[in-house]
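Here's the structure we're looking at; comments come further down.
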Amino acid sequence: MSSLITSDTKIRVSSTLNRDVRSYGKQYLTDASEETCWNSDQGTPQHITLDFPVPVSLVSLCLMFQGGFVGRDCEVLGVPEEREKEEEEEWDEVVVEGASSWEKVADFYPADHNHLQVFDLRPPGAAGEGLEGLEGSGRRWKRVRIVFKNTTDFYGRVTVYRLDLIGTSGA
């Protein structure tokens, strides 16, 4: 198990505060500095999308927010590895209830504080199993989207200082 985010992982975000990518862009999600952050613009929902060079199996999600700008009701969605190539153009569509492009991986509910938070992405029961439970859900994903449906900020902004996905990868 290790970090799934590499230099080959493509990251996209729903918005950046005042379109100021130099100060608040997506590059700061994974730079390991507590001095920089991604800050969304106002409005909900907000999301972060990760495209992996090889399919991945998810174990946990690590996020560090700025208190007061935290996702409140959140979910992780994924596009499974078996998804056909011709459907890729649909992946950027808004997630609609019942849509088939994205599948729910997990719901999570962050606390409103500045500390690193870790969310288990394995299915119920997997965490209590032995070492075999550490390998993730068994599903492999080509694309993952972290959706912040609501936030603690009145204007719907999210500020993330650190993002990591832990699991296994490989062809």
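By convention here, the chains of the structure tokens are called A, B, ... in the order presented, each chain's residues are numbered starting at 1, and ligands are numbered starting at 1 in the order presented.
Those residues in chain A carrying a DSSP assignment of alpha helix (DSSP H), computed from the backbone, are Val21, Arg22, Ser23 and Tyr24 of chain A.
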Each residue of stretch 2-120 of chain A lying at most 8 Å from stretch 154-165 of chain A should get a row with its shortest atom-to-atom pair and the distance in Å to one decimal, counting only C-alpha atoms; could you produce that, ordered by chain and increasing number, as JSON lines?
```
{"residue": "A:Ser3", "atom": "CA", "partner": "A:Leu165", "partner_atom": "CA", "distance": 5.7}
{"residue": "A:Leu4", "atom": "CA", "partner": "A:Leu165", "partner_atom": "CA", "distance": 5.6}
{"residue": "A:Ile5", "atom": "CA", "partner": "A:Leu165", "partner_atom": "CA", "distance": 6.6}
{"residue": "A:Tyr28", "atom": "CA", "partner": "A:Tyr161", "partner_atom": "CA", "distance": 7.1}
{"residue": "A:Leu29", "atom": "CA", "partner": "A:Arg162", "partner_atom": "CA", "distance": 5.2}
{"residue": "A:Thr30", "atom": "CA", "partner": "A:Leu163", "partner_atom": "CA", "distance": 5.8}
{"residue": "A:Asp31", "atom": "CA", "partner": "A:Arg162", "partner_atom": "CA", "distance": 7.8}
{"residue": "A:Ala32", "atom": "CA", "partner": "A:Arg162", "partner_atom": "CA", "distance": 6.7}
{"residue": "A:Ser33", "atom": "CA", "partner": "A:Tyr161", "partner_atom": "CA", "distance": 7.5}
{"residue": "A:Glu34", "atom": "CA", "partner": "A:Tyr161", "partner_atom": "CA", "distance": 6.2}
{"residue": "A:Glu35", "atom": "CA", "partner": "A:Tyr161", "partner_atom": "CA", "distance": 7.8}
{"residue": "A:Thr36", "atom": "CA", "partner": "A:Tyr161", "partner_atom": "CA", "distance": 6.3}
{"residue": "A:Cys37", "atom": "CA", "partner": "A:Tyr161", "partner_atom": "CA", "distance": 4.3}
{"residue": "A:Trp38", "atom": "CA", "partner": "A:Val160", "partner_atom": "CA", "distance": 5.3}
{"residue": "A:Asn39", "atom": "CA", "partner": "A:Thr159", "partner_atom": "CA", "distance": 4.4}
{"residue": "A:Ser40", "atom": "CA", "partner": "A:Val158", "partner_atom": "CA", "distance": 5.3}
{"residue": "A:Asp41", "atom": "CA", "partner": "A:Arg157", "partner_atom": "CA", "distance": 5.6}
{"residue": "A:Gln42", "atom": "CA", "partner": "A:Arg157", "partner_atom": "CA", "distance": 4.7}
{"residue": "A:Gly43", "atom": "CA", "partner": "A:Gly156", "partner_atom": "CA", "distance": 4.7}
{"residue": "A:Thr44", "atom": "CA", "partner": "A:Gly156", "partner_atom": "CA", "distance": 5.4}
{"residue": "A:Pro45", "atom": "CA", "partner": "A:Gly156", "partner_atom": "CA", "distance": 7.6}
{"residue": "A:Gln46", "atom": "CA", "partner": "A:Val158", "partner_atom": "CA", "distance": 7.5}
{"residue": "A:Leu58", "atom": "CA", "partner": "A:Leu165", "partner_atom": "CA", "distance": 7.1}
{"residue": "A:Val59", "atom": "CA", "partner": "A:Leu165", "partner_atom": "CA", "distance": 7.6}
{"residue": "A:Ser60", "atom": "CA", "partner": "A:Leu165", "partner_atom": "CA", "distance": 5.9}
{"residue": "A:Leu61", "atom": "CA", "partner": "A:Leu165", "partner_atom": "CA", "distance": 4.7}
{"residue": "A:Cys62", "atom": "CA", "partner": "A:Asp164", "partner_atom": "CA", "distance": 5.0}
{"residue": "A:Leu63", "atom": "CA", "partner": "A:Leu163", "partner_atom": "CA", "distance": 4.8}
{"residue": "A:Met64", "atom": "CA", "partner": "A:Arg162", "partner_atom": "CA", "distance": 4.9}
{"residue": "A:Phe65", "atom": "CA", "partner": "A:Val160", "partner_atom": "CA", "distance": 4.4}
{"residue": "A:Gln66", "atom": "CA", "partner": "A:Thr159", "partner_atom": "CA", "distance": 5.5}
{"residue": "A:Phe69", "atom": "CA", "partner": "A:Val158", "partner_atom": "CA", "distance": 4.7}
{"residue": "A:Val70", "atom": "CA", "partner": "A:Val158", "partner_atom": "CA", "distance": 5.6}
{"residue": "A:Gly71", "atom": "CA", "partner": "A:Val158", "partner_atom": "CA", "distance": 6.3}
{"residue": "A:Leu116", "atom": "CA", "partner": "A:Arg162", "partner_atom": "CA", "distance": 7.8}
```
Discussion item. Excluding A:His47 and its own-chain neighbours fewer than 4 positions away, which residues fall within 6 Å of it when counting only C-alpha atoms? Please give them as number ranges by chain.
Written reply: A: 13-14, 146-148
Worksheet item: So which bits of chain A end up strand (DSSP E) when you DSSP the backbone, as a ChimeraX atom specification?
Response: /A:2-3,10-13,38-39,46-65,71-80,103-108,117-120,141-151,159-169
Any idea what's packed within 7 Å of A:Arg12, counting only C-alpha atoms, ignoring anything in its chain fewer than 5 positions away? Could you give it as an mmCIF file with all heavy atoms, in the first residue's frame?
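The file below, selection32.cif, is the result:
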```cif
data_model
loop_
_atom_site.group_PDB
_atom_site.id
_atom_site.type_symbol
_atom_site.label_atom_id
_atom_site.label_comp_id
_atom_site.auth_asym_id
_atom_site.auth_seq_id
_atom_site.Cartn_x
_atom_site.Cartn_y
_atom_site.Cartn_z
ATOM 1 N N LYS A 26 -4.679 23.796 -8.306
ATOM 2 C CA LYS A 26 -4.700 22.365 -7.982
ATOM 3 C C LYS A 26 -3.315 21.794 -7.705
ATOM 4 O O LYS A 26 -3.188 20.785 -7.006
ATOM 5 C CB LYS A 26 -5.360 21.596 -9.130
ATOM 6 C CG LYS A 26 -4.570 21.696 -10.425
ATOM 7 C CD LYS A 26 -5.293 21.072 -11.586
ATOM 8 C CE LYS A 26 -4.475 21.242 -12.850
ATOM 9 N NZ LYS A 26 -5.195 20.760 -14.012
ATOM 10 N N ILE A 48 -12.861 17.351 -6.893
ATOM 11 C CA ILE A 48 -11.497 17.097 -7.351
ATOM 12 C C ILE A 48 -11.551 15.779 -8.110
ATOM 13 O O ILE A 48 -12.065 14.786 -7.603
ATOM 14 C CB ILE A 48 -10.521 16.959 -6.165
ATOM 15 C CG1 ILE A 48 -10.526 18.232 -5.315
ATOM 16 C CG2 ILE A 48 -9.111 16.622 -6.659
ATOM 17 C CD1 ILE A 48 -9.831 18.082 -3.963
ATOM 18 N N THR A 49 -11.041 15.768 -9.339
ATOM 19 C CA THR A 49 -11.037 14.558 -10.158
ATOM 20 C C THR A 49 -9.602 14.129 -10.410
ATOM 21 O O THR A 49 -8.757 14.959 -10.755
ATOM 22 C CB THR A 49 -11.751 14.804 -11.504
ATOM 23 O OG1 THR A 49 -13.084 15.256 -11.242
ATOM 24 C CG2 THR A 49 -11.805 13.544 -12.341
ATOM 25 N N LEU A 50 -9.336 12.833 -10.223
ATOM 26 C CA LEU A 50 -8.001 12.276 -10.447
ATOM 27 C C LEU A 50 -8.091 11.201 -11.516
ATOM 28 O O LEU A 50 -8.906 10.274 -11.404
ATOM 29 C CB LEU A 50 -7.454 11.672 -9.156
ATOM 30 C CG LEU A 50 -7.300 12.669 -8.006
ATOM 31 C CD1 LEU A 50 -8.448 12.523 -7.036
ATOM 32 C CD2 LEU A 50 -5.997 12.472 -7.307
#
```
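In this model, the gap between atom CA of A:Thr168 and atom CA of A:Glu81 comes to 13.7 Å.
The space between atom CA of A:Arg143 and atom CA of A:Val54 spans 9.5 Å.
Put simply, atom CA of A:Gln27 is 28.8 Å away from atom CA of A:Glu82.
Residue nearest A:Arg83, chosen from A:Gly67, A:Pro110, A:Pro124, A:Pro55 and counting only C-alpha atoms: A:Pro55.
Minimum atom-to-atom distances from A:Val56, A:Val79, A:Met1, A:Ile166 to A:Asp120 were compared using only C-alpha atoms, and the lowest value belongs to A:Ile166.
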